[in-house]
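Pasted below: model-v5.txt, compact mmCIF, N, CA and C atoms.
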# COMPACT_ATOMS: atom_id res chain seq x y z
N ASP A 1 -8.21 -16.42 8.46
CA ASP A 1 -7.83 -17.09 7.24
C ASP A 1 -6.65 -16.33 6.63
N GLY A 2 -5.55 -17.04 6.36
CA GLY A 2 -4.32 -16.42 5.91
C GLY A 2 -4.41 -15.73 4.56
N LEU A 3 -5.09 -16.37 3.60
CA LEU A 3 -5.21 -15.76 2.28
C LEU A 3 -6.00 -14.47 2.36
N ARG A 4 -7.09 -14.48 3.10
CA ARG A 4 -7.91 -13.27 3.25
C ARG A 4 -7.08 -12.14 3.87
N LEU A 5 -6.31 -12.45 4.90
CA LEU A 5 -5.47 -11.44 5.54
C LEU A 5 -4.45 -10.88 4.55
N ALA A 6 -3.79 -11.76 3.80
CA ALA A 6 -2.79 -11.31 2.83
C ALA A 6 -3.43 -10.40 1.78
N VAL A 7 -4.57 -10.82 1.23
CA VAL A 7 -5.27 -10.03 0.20
C VAL A 7 -5.69 -8.68 0.77
N ASP A 8 -6.23 -8.67 1.98
CA ASP A 8 -6.66 -7.41 2.59
C ASP A 8 -5.49 -6.47 2.85
N GLU A 9 -4.39 -7.01 3.36
CA GLU A 9 -3.21 -6.18 3.65
C GLU A 9 -2.59 -5.64 2.36
N MET A 10 -2.53 -6.48 1.33
CA MET A 10 -1.98 -6.03 0.05
C MET A 10 -2.88 -4.98 -0.59
N THR A 11 -4.18 -5.18 -0.50
CA THR A 11 -5.13 -4.20 -1.05
C THR A 11 -4.97 -2.86 -0.34
N ALA A 12 -4.77 -2.89 0.97
CA ALA A 12 -4.58 -1.65 1.73
C ALA A 12 -3.35 -0.89 1.25
N LYS A 13 -2.33 -1.60 0.76
CA LYS A 13 -1.11 -0.95 0.28
C LYS A 13 -1.34 -0.16 -1.01
N ILE A 14 -2.41 -0.46 -1.72
CA ILE A 14 -2.73 0.32 -2.92
C ILE A 14 -3.16 1.72 -2.52
N GLY A 15 -3.81 1.83 -1.37
CA GLY A 15 -4.24 3.13 -0.88
C GLY A 15 -5.20 3.81 -1.83
N ASP A 16 -4.99 5.12 -2.04
CA ASP A 16 -5.89 5.88 -2.91
C ASP A 16 -5.35 6.02 -4.33
N THR A 17 -4.41 5.16 -4.70
CA THR A 17 -3.86 5.17 -6.06
C THR A 17 -4.97 4.91 -7.07
N GLU A 18 -5.06 5.75 -8.08
CA GLU A 18 -6.04 5.56 -9.15
C GLU A 18 -5.45 4.64 -10.20
N PHE A 19 -6.22 3.60 -10.59
CA PHE A 19 -5.73 2.64 -11.57
C PHE A 19 -6.90 1.96 -12.27
N ASP A 20 -6.59 1.30 -13.39
CA ASP A 20 -7.60 0.63 -14.20
C ASP A 20 -7.60 -0.88 -14.03
N ALA A 21 -6.44 -1.46 -13.75
CA ALA A 21 -6.35 -2.92 -13.71
C ALA A 21 -5.21 -3.36 -12.80
N ILE A 22 -5.34 -4.59 -12.32
CA ILE A 22 -4.26 -5.24 -11.59
C ILE A 22 -3.62 -6.25 -12.52
N VAL A 23 -2.31 -6.18 -12.63
CA VAL A 23 -1.53 -7.15 -13.40
C VAL A 23 -0.90 -8.09 -12.38
N GLY A 24 -1.28 -9.37 -12.44
CA GLY A 24 -0.74 -10.38 -11.53
C GLY A 24 0.31 -11.21 -12.23
N LEU A 25 1.47 -11.39 -11.57
CA LEU A 25 2.56 -12.15 -12.18
C LEU A 25 2.47 -13.62 -11.78
N GLU A 26 2.73 -14.47 -12.74
CA GLU A 26 2.65 -15.92 -12.55
C GLU A 26 3.57 -16.37 -11.43
N SER A 27 3.15 -17.24 -10.65
CA SER A 27 1.79 -17.71 -10.52
C SER A 27 1.15 -17.23 -9.22
N ARG A 28 1.97 -16.92 -8.23
CA ARG A 28 1.38 -16.48 -6.96
C ARG A 28 0.77 -15.08 -7.06
N GLY A 29 1.22 -14.28 -8.01
CA GLY A 29 0.57 -13.00 -8.26
C GLY A 29 -0.86 -13.18 -8.73
N PHE A 30 -1.15 -14.35 -9.36
CA PHE A 30 -2.52 -14.66 -9.74
C PHE A 30 -3.37 -14.86 -8.49
N LEU A 31 -2.80 -15.60 -7.52
CA LEU A 31 -3.56 -15.94 -6.31
C LEU A 31 -3.94 -14.72 -5.50
N PHE A 32 -3.06 -13.73 -5.44
CA PHE A 32 -3.34 -12.52 -4.68
C PHE A 32 -4.05 -11.46 -5.53
N GLY A 33 -3.61 -11.29 -6.76
CA GLY A 33 -4.13 -10.23 -7.61
C GLY A 33 -5.57 -10.39 -8.01
N MET A 34 -5.98 -11.64 -8.27
CA MET A 34 -7.36 -11.85 -8.73
C MET A 34 -8.39 -11.45 -7.67
N PRO A 35 -8.27 -11.89 -6.41
CA PRO A 35 -9.26 -11.44 -5.43
C PRO A 35 -9.15 -9.94 -5.13
N MET A 36 -7.94 -9.38 -5.24
CA MET A 36 -7.79 -7.94 -5.05
C MET A 36 -8.58 -7.19 -6.11
N ALA A 37 -8.42 -7.60 -7.37
CA ALA A 37 -9.14 -6.95 -8.47
C ALA A 37 -10.65 -7.14 -8.30
N TYR A 38 -11.07 -8.32 -7.94
CA TYR A 38 -12.49 -8.59 -7.75
C TYR A 38 -13.07 -7.68 -6.67
N ASN A 39 -12.40 -7.60 -5.54
CA ASN A 39 -12.88 -6.77 -4.42
C ASN A 39 -12.94 -5.30 -4.78
N LEU A 40 -12.03 -4.84 -5.64
CA LEU A 40 -11.97 -3.43 -6.02
C LEU A 40 -12.74 -3.12 -7.31
N HIS A 41 -13.39 -4.13 -7.88
CA HIS A 41 -14.16 -3.97 -9.13
C HIS A 41 -13.27 -3.45 -10.26
N LYS A 42 -12.07 -4.03 -10.36
CA LYS A 42 -11.12 -3.66 -11.40
C LYS A 42 -10.83 -4.87 -12.28
N ALA A 43 -10.29 -4.61 -13.45
CA ALA A 43 -9.87 -5.69 -14.34
C ALA A 43 -8.67 -6.41 -13.76
N PHE A 44 -8.55 -7.70 -14.07
CA PHE A 44 -7.38 -8.49 -13.69
C PHE A 44 -6.72 -9.00 -14.96
N ILE A 45 -5.42 -8.78 -15.08
CA ILE A 45 -4.66 -9.22 -16.26
C ILE A 45 -3.53 -10.11 -15.78
N PRO A 46 -3.58 -11.41 -16.11
CA PRO A 46 -2.49 -12.31 -15.73
C PRO A 46 -1.31 -12.16 -16.70
N VAL A 47 -0.11 -12.19 -16.18
CA VAL A 47 1.10 -12.16 -17.00
C VAL A 47 1.88 -13.44 -16.73
N ARG A 48 2.10 -14.20 -17.79
CA ARG A 48 2.79 -15.48 -17.67
C ARG A 48 4.23 -15.33 -18.11
N LYS A 49 5.11 -16.11 -17.49
CA LYS A 49 6.51 -16.13 -17.88
C LYS A 49 6.69 -17.08 -19.06
N SER A 50 7.50 -16.68 -20.00
CA SER A 50 7.78 -17.51 -21.17
C SER A 50 8.42 -18.82 -20.74
N GLY A 51 8.02 -19.90 -21.41
CA GLY A 51 8.63 -21.20 -21.14
C GLY A 51 8.09 -21.93 -19.93
N LYS A 52 7.08 -21.41 -19.28
CA LYS A 52 6.55 -22.04 -18.07
C LYS A 52 5.51 -23.12 -18.37
N LEU A 53 4.99 -23.16 -19.60
CA LEU A 53 3.98 -24.15 -19.94
C LEU A 53 4.65 -25.41 -20.48
N PRO A 54 3.99 -26.55 -20.40
CA PRO A 54 4.61 -27.81 -20.80
C PRO A 54 4.71 -28.02 -22.31
N ARG A 55 4.08 -27.21 -23.12
CA ARG A 55 4.14 -27.39 -24.58
C ARG A 55 4.04 -26.04 -25.27
N ALA A 56 4.16 -26.09 -26.58
CA ALA A 56 4.06 -24.86 -27.38
C ALA A 56 2.69 -24.22 -27.19
N THR A 57 2.65 -22.90 -27.25
CA THR A 57 1.40 -22.17 -27.04
C THR A 57 1.16 -21.22 -28.21
N SER A 58 -0.04 -20.73 -28.28
CA SER A 58 -0.42 -19.71 -29.25
C SER A 58 -1.02 -18.54 -28.49
N ARG A 59 -1.14 -17.40 -29.16
CA ARG A 59 -1.71 -16.23 -28.53
C ARG A 59 -2.66 -15.57 -29.51
N ILE A 60 -3.75 -15.06 -28.99
CA ILE A 60 -4.70 -14.32 -29.80
C ILE A 60 -5.27 -13.19 -28.95
N ALA A 61 -5.40 -12.03 -29.55
CA ALA A 61 -6.05 -10.90 -28.88
C ALA A 61 -7.49 -10.84 -29.37
N TYR A 62 -8.40 -10.44 -28.50
CA TYR A 62 -9.80 -10.36 -28.88
C TYR A 62 -10.48 -9.28 -28.07
N ASP A 63 -11.60 -8.81 -28.59
CA ASP A 63 -12.38 -7.79 -27.90
C ASP A 63 -13.54 -8.46 -27.18
N LEU A 64 -13.82 -7.99 -26.00
CA LEU A 64 -14.96 -8.45 -25.22
C LEU A 64 -16.10 -7.46 -25.41
N GLU A 65 -17.28 -7.84 -25.03
CA GLU A 65 -18.42 -6.94 -25.18
C GLU A 65 -18.27 -5.68 -24.31
N TYR A 66 -17.39 -5.72 -23.31
CA TYR A 66 -17.20 -4.58 -22.43
C TYR A 66 -15.79 -4.02 -22.47
N GLY A 67 -15.00 -4.41 -23.48
CA GLY A 67 -13.67 -3.84 -23.59
C GLY A 67 -12.66 -4.85 -24.08
N SER A 68 -11.40 -4.51 -24.00
CA SER A 68 -10.32 -5.35 -24.49
C SER A 68 -9.83 -6.29 -23.40
N ALA A 69 -9.26 -7.41 -23.82
CA ALA A 69 -8.71 -8.38 -22.88
C ALA A 69 -7.21 -8.17 -22.70
N ASP A 70 -6.68 -7.06 -23.17
CA ASP A 70 -5.25 -6.80 -23.15
C ASP A 70 -4.92 -5.51 -22.42
N ILE A 71 -3.64 -5.34 -22.14
CA ILE A 71 -3.13 -4.07 -21.65
C ILE A 71 -3.19 -3.09 -22.83
N THR A 72 -3.73 -1.92 -22.59
CA THR A 72 -3.89 -0.95 -23.68
C THR A 72 -3.14 0.34 -23.37
N PRO A 73 -2.76 1.09 -24.41
CA PRO A 73 -2.07 2.36 -24.19
C PRO A 73 -2.90 3.29 -23.29
N GLY A 74 -2.21 3.92 -22.36
CA GLY A 74 -2.85 4.85 -21.44
C GLY A 74 -3.41 4.21 -20.18
N MET A 75 -3.49 2.89 -20.17
CA MET A 75 -4.00 2.19 -18.99
C MET A 75 -3.05 2.40 -17.81
N ARG A 76 -3.62 2.52 -16.62
CA ARG A 76 -2.84 2.66 -15.38
C ARG A 76 -3.00 1.35 -14.61
N VAL A 77 -1.87 0.69 -14.30
CA VAL A 77 -1.95 -0.62 -13.67
C VAL A 77 -1.15 -0.68 -12.37
N VAL A 78 -1.60 -1.59 -11.51
CA VAL A 78 -0.87 -1.98 -10.30
C VAL A 78 -0.37 -3.39 -10.55
N ILE A 79 0.93 -3.61 -10.39
CA ILE A 79 1.51 -4.95 -10.54
C ILE A 79 1.52 -5.62 -9.17
N VAL A 80 1.05 -6.88 -9.12
CA VAL A 80 0.97 -7.64 -7.88
C VAL A 80 1.76 -8.93 -8.02
N ASP A 81 2.59 -9.23 -7.02
CA ASP A 81 3.30 -10.50 -6.94
C ASP A 81 3.47 -10.86 -5.48
N ASP A 82 4.00 -12.04 -5.24
CA ASP A 82 4.16 -12.48 -3.85
C ASP A 82 5.42 -11.94 -3.20
N LEU A 83 6.49 -11.70 -3.99
CA LEU A 83 7.81 -11.50 -3.40
C LEU A 83 8.66 -10.51 -4.19
N ILE A 84 9.30 -9.60 -3.46
CA ILE A 84 10.38 -8.81 -4.04
C ILE A 84 11.67 -9.46 -3.57
N ALA A 85 12.39 -10.10 -4.48
CA ALA A 85 13.68 -10.70 -4.15
C ALA A 85 14.76 -9.87 -4.85
N THR A 86 15.26 -10.34 -5.98
CA THR A 86 16.27 -9.56 -6.71
C THR A 86 15.64 -8.46 -7.55
N GLY A 87 14.34 -8.52 -7.76
CA GLY A 87 13.63 -7.49 -8.53
C GLY A 87 13.59 -7.74 -10.02
N GLY A 88 14.22 -8.79 -10.51
CA GLY A 88 14.29 -9.03 -11.94
C GLY A 88 12.94 -9.27 -12.60
N THR A 89 12.12 -10.12 -12.00
CA THR A 89 10.82 -10.41 -12.59
C THR A 89 9.93 -9.18 -12.59
N LEU A 90 9.92 -8.46 -11.49
CA LEU A 90 9.10 -7.25 -11.41
C LEU A 90 9.60 -6.18 -12.38
N GLU A 91 10.91 -6.03 -12.49
CA GLU A 91 11.47 -5.06 -13.44
C GLU A 91 11.07 -5.41 -14.87
N ALA A 92 11.13 -6.69 -15.23
CA ALA A 92 10.73 -7.12 -16.56
C ALA A 92 9.26 -6.84 -16.80
N ALA A 93 8.42 -7.07 -15.79
CA ALA A 93 6.99 -6.81 -15.93
C ALA A 93 6.72 -5.32 -16.14
N VAL A 94 7.43 -4.46 -15.43
CA VAL A 94 7.28 -3.02 -15.61
C VAL A 94 7.64 -2.65 -17.05
N HIS A 95 8.76 -3.18 -17.56
CA HIS A 95 9.16 -2.87 -18.94
C HIS A 95 8.12 -3.36 -19.94
N LEU A 96 7.57 -4.56 -19.73
CA LEU A 96 6.55 -5.10 -20.63
C LEU A 96 5.32 -4.20 -20.67
N VAL A 97 4.84 -3.82 -19.49
CA VAL A 97 3.65 -2.95 -19.40
C VAL A 97 3.92 -1.62 -20.10
N GLU A 98 5.10 -1.06 -19.88
CA GLU A 98 5.44 0.22 -20.50
C GLU A 98 5.59 0.10 -22.01
N GLN A 99 6.14 -1.02 -22.50
CA GLN A 99 6.26 -1.24 -23.95
C GLN A 99 4.88 -1.29 -24.61
N LEU A 100 3.88 -1.72 -23.85
CA LEU A 100 2.52 -1.79 -24.38
C LEU A 100 1.78 -0.47 -24.24
N GLY A 101 2.46 0.56 -23.73
CA GLY A 101 1.89 1.90 -23.67
C GLY A 101 1.14 2.23 -22.39
N ALA A 102 1.15 1.32 -21.44
CA ALA A 102 0.48 1.55 -20.16
C ALA A 102 1.47 2.10 -19.15
N LYS A 103 0.96 2.52 -18.00
CA LYS A 103 1.80 3.06 -16.93
C LYS A 103 1.61 2.24 -15.66
N VAL A 104 2.72 1.84 -15.07
CA VAL A 104 2.66 1.16 -13.77
C VAL A 104 2.63 2.25 -12.71
N VAL A 105 1.54 2.30 -11.95
CA VAL A 105 1.39 3.35 -10.94
C VAL A 105 1.77 2.86 -9.55
N LYS A 106 1.88 1.53 -9.37
CA LYS A 106 2.32 0.98 -8.09
C LYS A 106 2.64 -0.50 -8.26
N ILE A 107 3.57 -0.98 -7.45
CA ILE A 107 3.87 -2.41 -7.31
C ILE A 107 3.55 -2.78 -5.87
N VAL A 108 2.82 -3.88 -5.69
CA VAL A 108 2.46 -4.35 -4.35
C VAL A 108 2.83 -5.83 -4.24
N CYS A 109 3.59 -6.16 -3.21
CA CYS A 109 3.98 -7.55 -2.94
C CYS A 109 3.69 -7.89 -1.49
N LEU A 110 3.56 -9.17 -1.23
CA LEU A 110 3.33 -9.62 0.14
C LEU A 110 4.62 -9.55 0.95
N LEU A 111 5.71 -10.05 0.39
CA LEU A 111 6.99 -10.14 1.10
C LEU A 111 8.10 -9.44 0.35
N GLU A 112 9.09 -8.97 1.11
CA GLU A 112 10.30 -8.39 0.53
C GLU A 112 11.51 -8.93 1.28
N LEU A 113 12.49 -9.42 0.54
CA LEU A 113 13.77 -9.83 1.11
C LEU A 113 14.74 -8.67 0.89
N LYS A 114 14.84 -7.78 1.88
CA LYS A 114 15.58 -6.53 1.70
C LYS A 114 17.06 -6.74 1.41
N GLY A 115 17.63 -7.82 1.92
CA GLY A 115 19.05 -8.08 1.72
C GLY A 115 19.43 -8.34 0.27
N LEU A 116 18.46 -8.62 -0.59
CA LEU A 116 18.73 -8.85 -2.00
C LEU A 116 18.61 -7.58 -2.84
N HIS A 117 18.17 -6.48 -2.23
CA HIS A 117 18.14 -5.14 -2.85
C HIS A 117 17.31 -5.07 -4.13
N GLY A 118 16.26 -5.86 -4.23
CA GLY A 118 15.41 -5.85 -5.41
C GLY A 118 14.70 -4.54 -5.64
N ARG A 119 14.39 -3.85 -4.57
CA ARG A 119 13.69 -2.56 -4.69
C ARG A 119 14.53 -1.54 -5.46
N ASP A 120 15.85 -1.72 -5.44
CA ASP A 120 16.74 -0.80 -6.15
C ASP A 120 16.48 -0.81 -7.66
N ARG A 121 15.92 -1.90 -8.17
CA ARG A 121 15.63 -2.02 -9.60
C ARG A 121 14.24 -1.49 -9.94
N LEU A 122 13.49 -1.05 -8.94
CA LEU A 122 12.09 -0.68 -9.13
C LEU A 122 11.84 0.78 -8.79
N THR A 123 12.76 1.64 -9.14
CA THR A 123 12.69 3.04 -8.74
C THR A 123 11.72 3.88 -9.59
N SER A 124 11.19 3.30 -10.67
CA SER A 124 10.34 4.09 -11.56
C SER A 124 8.90 4.26 -11.05
N CYS A 125 8.53 3.52 -10.00
CA CYS A 125 7.17 3.65 -9.47
C CYS A 125 7.16 3.26 -8.00
N PRO A 126 6.17 3.73 -7.24
CA PRO A 126 6.08 3.38 -5.82
C PRO A 126 5.94 1.86 -5.65
N THR A 127 6.68 1.33 -4.69
CA THR A 127 6.69 -0.11 -4.43
C THR A 127 6.41 -0.35 -2.96
N GLU A 128 5.46 -1.26 -2.69
CA GLU A 128 5.03 -1.55 -1.33
C GLU A 128 5.14 -3.05 -1.06
N ALA A 129 5.49 -3.39 0.18
CA ALA A 129 5.48 -4.78 0.63
C ALA A 129 4.79 -4.81 1.99
N VAL A 130 4.00 -5.85 2.22
CA VAL A 130 3.30 -6.00 3.50
C VAL A 130 4.31 -6.34 4.59
N VAL A 131 5.21 -7.28 4.30
CA VAL A 131 6.22 -7.71 5.27
C VAL A 131 7.59 -7.61 4.62
N SER A 132 8.53 -6.97 5.30
CA SER A 132 9.91 -6.86 4.81
C SER A 132 10.87 -7.52 5.79
N TYR A 133 11.68 -8.45 5.26
CA TYR A 133 12.71 -9.11 6.07
C TYR A 133 14.04 -8.48 5.75
N GLU A 134 14.85 -8.20 6.76
CA GLU A 134 16.15 -7.56 6.54
C GLU A 134 17.12 -8.49 5.80
N GLY A 135 17.01 -9.78 6.01
CA GLY A 135 17.96 -10.74 5.43
C GLY A 135 17.67 -11.07 3.99
N LYS A 136 18.32 -12.17 3.56
CA LYS A 136 18.17 -12.66 2.20
C LYS A 136 17.23 -13.81 2.23
What does this structure look like when you write it as structure tokens?
Amino acid sequence: DGLRLAVDEMTAKIGDTEFDAIVGLESRGFLFGMPMAYNLHKAFIPVRKSGKLPRATSRIAYDLEYGSADITPGMRVVIVDDLIATGGTLEAAVHLVEQLGAKVVKIVCLLELKGLHGRDRLTSCPTEAVVSYEGK
């Protein structure tokens, strides 16, 4: 099964990195990140891109009986997405997580298009891809 293989290979790229939560980027990062977090017994935090919904939205923060539903200061996270292309989306996600006081300890993606040099924008933390293509 392709999804199971992708999730297993991406999970293996985390290695022995210590972390509190997986941050999955919309929308394919949700597909990979959620089962990774479930298998590792970690929190999953979805990050949505602005303007992707069909209408105006609202936001509310709330506490759960077992903790917060948000990224919190001091939290250590792994960012998961499907693709490293130009690196812009991943770079923005790193900045967002850091602005909230958390630390990105690793980025894990299924694919990398090396010819677009996206990894060059992600030098602040270890970045892994399951499959890397030399081209664009």
**Message:** as a PyMOL selection string, please: every residue in stretch 33-132 of chain A that DSSP puts in helix (DSSP H, G or I).
**Reply:** chain A and resi 33-40+88-99+114-116+118-121
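Here atom CA of A:Val131 is placed at a distance of 21.3 Å from atom N of A:Ile22.
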**Message:** For a quick check of understanding, using only C-alpha atoms, which of A:Asp8, A:Glu26, A:Glu112, A:Glu91 has the smallest distance to A:Leu40?
**Reply:** A:Asp8
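In this structure, atom C of A:Glu134 sits 5.5 Å away from atom C of A:Leu113.
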Test item: residues at most 9 Å from A:Ser27, only C-alpha atoms, excluding those fewer than 5 positions along its chain, as a short mmCIF file (atom, residue, chain, number, x, y, z; two decimals) with N, CA and C atoms, keeping the file's coordinate frame:
data_model
loop_
_atom_site.label_atom_id
_atom_site.label_comp_id
_atom_site.auth_asym_id
_atom_site.auth_seq_id
_atom_site.Cartn_x
_atom_site.Cartn_y
_atom_site.Cartn_z
N PRO A 46 -3.58 -11.41 -16.11
CA PRO A 46 -2.49 -12.31 -15.73
C PRO A 46 -1.31 -12.16 -16.70
N VAL A 47 -0.11 -12.19 -16.18
CA VAL A 47 1.10 -12.16 -17.00
C VAL A 47 1.88 -13.44 -16.73
N ARG A 48 2.10 -14.20 -17.79
CA ARG A 48 2.79 -15.48 -17.67
C ARG A 48 4.23 -15.33 -18.11
N LYS A 49 5.11 -16.11 -17.49
CA LYS A 49 6.51 -16.13 -17.88
C LYS A 49 6.69 -17.08 -19.06
N ASP A 81 2.59 -9.23 -7.02
CA ASP A 81 3.30 -10.50 -6.94
C ASP A 81 3.47 -10.86 -5.48
N ASP A 82 4.00 -12.04 -5.24
CA ASP A 82 4.16 -12.48 -3.85
C ASP A 82 5.42 -11.94 -3.20
#
**Answer as a VMD selection string, residues within 8 Å of (1.9, 4.5, -24.3) using only N, CA and C atoms** = chain A and resid 72 to 75 97 to 103
**Asked** When distances are computed from only N, CA and C atoms, which of A:Gly88, A:Lys106, A:His95, A:Tyr38 shows the smallest separation from A:Arg119?
**Response** A:Gly88
**Request:** Quote the spacing between atom C of A:Leu90 and atom N of A:Asp1 in Å to one decimal place.
**Result:** 29.3 Å
**Message:** Given the point (15.2, -7.1, 2.8) in the file's coordinates, find the residues that have an atom at most 10 Å from it, counting only C-alpha atoms, and give them as JSON, numbers by chain.
**Reply:** {"A": [84, 85, 86, 111, 112, 113, 114, 115, 116, 117, 118, 119, 131, 132, 133, 134, 135, 136]}
**Request:** Would you kindly return, as a count of residues only, each protein, DNA or RNA residue with an atom no farther than 7 Å from any atom of A:Val78, considering only N, CA and C atoms and excluding same-chain residues fewer than 3 positions away?
**Result:** 12
**Message:** Residues of stretch 12-126 of chain A classed as strand (DSSP E or B) by DSSP on the backbone are to be reported as a ChimeraX atom specification.
**Reply:** /A:21-25,43-47,63-64,67-68,76-84,103-113
Only N, CA and C atoms, please: the residues just picked out, written as a CSV table (one decimal), in the frame of the given file.
chain,number,residue,atom,x,y,z
A,21,ALA,N,-6.4,-1.5,-13.8
A,21,ALA,CA,-6.4,-2.9,-13.7
A,21,ALA,C,-5.2,-3.4,-12.8
A,22,ILE,N,-5.3,-4.6,-12.3
A,22,ILE,CA,-4.3,-5.2,-11.6
A,22,ILE,C,-3.6,-6.2,-12.5
A,23,VAL,N,-2.3,-6.2,-12.6
A,23,VAL,CA,-1.5,-7.2,-13.4
A,23,VAL,C,-0.9,-8.1,-12.4
A,24,GLY,N,-1.3,-9.4,-12.4
A,24,GLY,CA,-0.7,-10.4,-11.5
A,24,GLY,C,0.3,-11.2,-12.2
A,25,LEU,N,1.5,-11.4,-11.6
A,25,LEU,CA,2.6,-12.2,-12.2
A,25,LEU,C,2.5,-13.6,-11.8
A,43,ALA,N,-10.3,-4.6,-13.4
A,43,ALA,CA,-9.9,-5.7,-14.3
A,43,ALA,C,-8.7,-6.4,-13.8
A,44,PHE,N,-8.6,-7.7,-14.1
A,44,PHE,CA,-7.4,-8.5,-13.7
A,44,PHE,C,-6.7,-9.0,-15.0
A,45,ILE,N,-5.4,-8.8,-15.1
A,45,ILE,CA,-4.7,-9.2,-16.3
A,45,ILE,C,-3.5,-10.1,-15.8
A,46,PRO,N,-3.6,-11.4,-16.1
A,46,PRO,CA,-2.5,-12.3,-15.7
A,46,PRO,C,-1.3,-12.2,-16.7
A,47,VAL,N,-0.1,-12.2,-16.2
A,47,VAL,CA,1.1,-12.2,-17.0
A,47,VAL,C,1.9,-13.4,-16.7
A,63,ASP,N,-11.6,-8.8,-28.6
A,63,ASP,CA,-12.4,-7.8,-27.9
A,63,ASP,C,-13.5,-8.5,-27.2
A,64,LEU,N,-13.8,-8.0,-26.0
A,64,LEU,CA,-15.0,-8.4,-25.2
A,64,LEU,C,-16.1,-7.5,-25.4
A,67,GLY,N,-15.0,-4.4,-23.5
A,67,GLY,CA,-13.7,-3.8,-23.6
A,67,GLY,C,-12.7,-4.8,-24.1
A,68,SER,N,-11.4,-4.5,-24.0
A,68,SER,CA,-10.3,-5.4,-24.5
A,68,SER,C,-9.8,-6.3,-23.4
A,76,ARG,N,-3.6,2.5,-16.6
A,76,ARG,CA,-2.8,2.7,-15.4
A,76,ARG,C,-3.0,1.4,-14.6
A,77,VAL,N,-1.9,0.7,-14.3
A,77,VAL,CA,-2.0,-0.6,-13.7
A,77,VAL,C,-1.2,-0.7,-12.4
A,78,VAL,N,-1.6,-1.6,-11.5
A,78,VAL,CA,-0.9,-2.0,-10.3
A,78,VAL,C,-0.4,-3.4,-10.6
A,79,ILE,N,0.9,-3.6,-10.4
A,79,ILE,CA,1.5,-5.0,-10.5
A,79,ILE,C,1.5,-5.6,-9.2
A,80,VAL,N,1.0,-6.9,-9.1
A,80,VAL,CA,1.0,-7.6,-7.9
A,80,VAL,C,1.8,-8.9,-8.0
A,81,ASP,N,2.6,-9.2,-7.0
A,81,ASP,CA,3.3,-10.5,-6.9
A,81,ASP,C,3.5,-10.9,-5.5
A,82,ASP,N,4.0,-12.0,-5.2
A,82,ASP,CA,4.2,-12.5,-3.8
A,82,ASP,C,5.4,-11.9,-3.2
A,83,LEU,N,6.5,-11.7,-4.0
A,83,LEU,CA,7.8,-11.5,-3.4
A,83,LEU,C,8.7,-10.5,-4.2
A,84,ILE,N,9.3,-9.6,-3.5
A,84,ILE,CA,10.4,-8.8,-4.0
A,84,ILE,C,11.7,-9.5,-3.6
A,103,LYS,N,1.0,2.5,-18.0
A,103,LYS,CA,1.8,3.1,-16.9
A,103,LYS,C,1.6,2.2,-15.7
A,104,VAL,N,2.7,1.8,-15.1
A,104,VAL,CA,2.7,1.2,-13.8
A,104,VAL,C,2.6,2.2,-12.7
A,105,VAL,N,1.5,2.3,-12.0
A,105,VAL,CA,1.4,3.4,-10.9
A,105,VAL,C,1.8,2.9,-9.6
A,106,LYS,N,1.9,1.5,-9.4
A,106,LYS,CA,2.3,1.0,-8.1
A,106,LYS,C,2.6,-0.5,-8.3
A,107,ILE,N,3.6,-1.0,-7.4
A,107,ILE,CA,3.9,-2.4,-7.3
A,107,ILE,C,3.6,-2.8,-5.9
A,108,VAL,N,2.8,-3.9,-5.7
A,108,VAL,CA,2.5,-4.4,-4.4
A,108,VAL,C,2.8,-5.8,-4.2
A,109,CYS,N,3.6,-6.2,-3.2
A,109,CYS,CA,4.0,-7.6,-2.9
A,109,CYS,C,3.7,-7.9,-1.5
A,110,LEU,N,3.6,-9.2,-1.2
A,110,LEU,CA,3.3,-9.6,0.1
A,110,LEU,C,4.6,-9.6,1.0
A,111,LEU,N,5.7,-10.0,0.4
A,111,LEU,CA,7.0,-10.1,1.1
A,111,LEU,C,8.1,-9.4,0.4
A,112,GLU,N,9.1,-9.0,1.1
A,112,GLU,CA,10.3,-8.4,0.5
A,112,GLU,C,11.5,-8.9,1.3
A,113,LEU,N,12.5,-9.4,0.5
A,113,LEU,CA,13.8,-9.8,1.1
A,113,LEU,C,14.7,-8.7,0.9
**Best match for closeness to A:Phe32 among A:Cys109, A:Ile45, A:Ser50, A:Gly15, counting only C-alpha atoms** = A:Cys109
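In terms of minimum interatomic distance to A:Leu83, A:Val130 ranks closest within A:Asp70, A:Asp120, A:Val130, A:Asn39, counting only C-alpha atoms.
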Mind giving me the axis-aligned box for stretch 91-105 of chain A with 6 Å on every side, centre plus edges in Å to one decimal, as lines of an AutoDock Vina configuration file?
center_x = 6.0
center_y = -1.9
center_z = -17.1
size_x = 23.0
size_y = 22.5
size_z = 27.1
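When only C-alpha atoms are used to compute distances to A:Arg4, the closest of the residues A:Ala92, A:Leu31, A:Leu25, A:Leu122 turns out to be A:Leu31.
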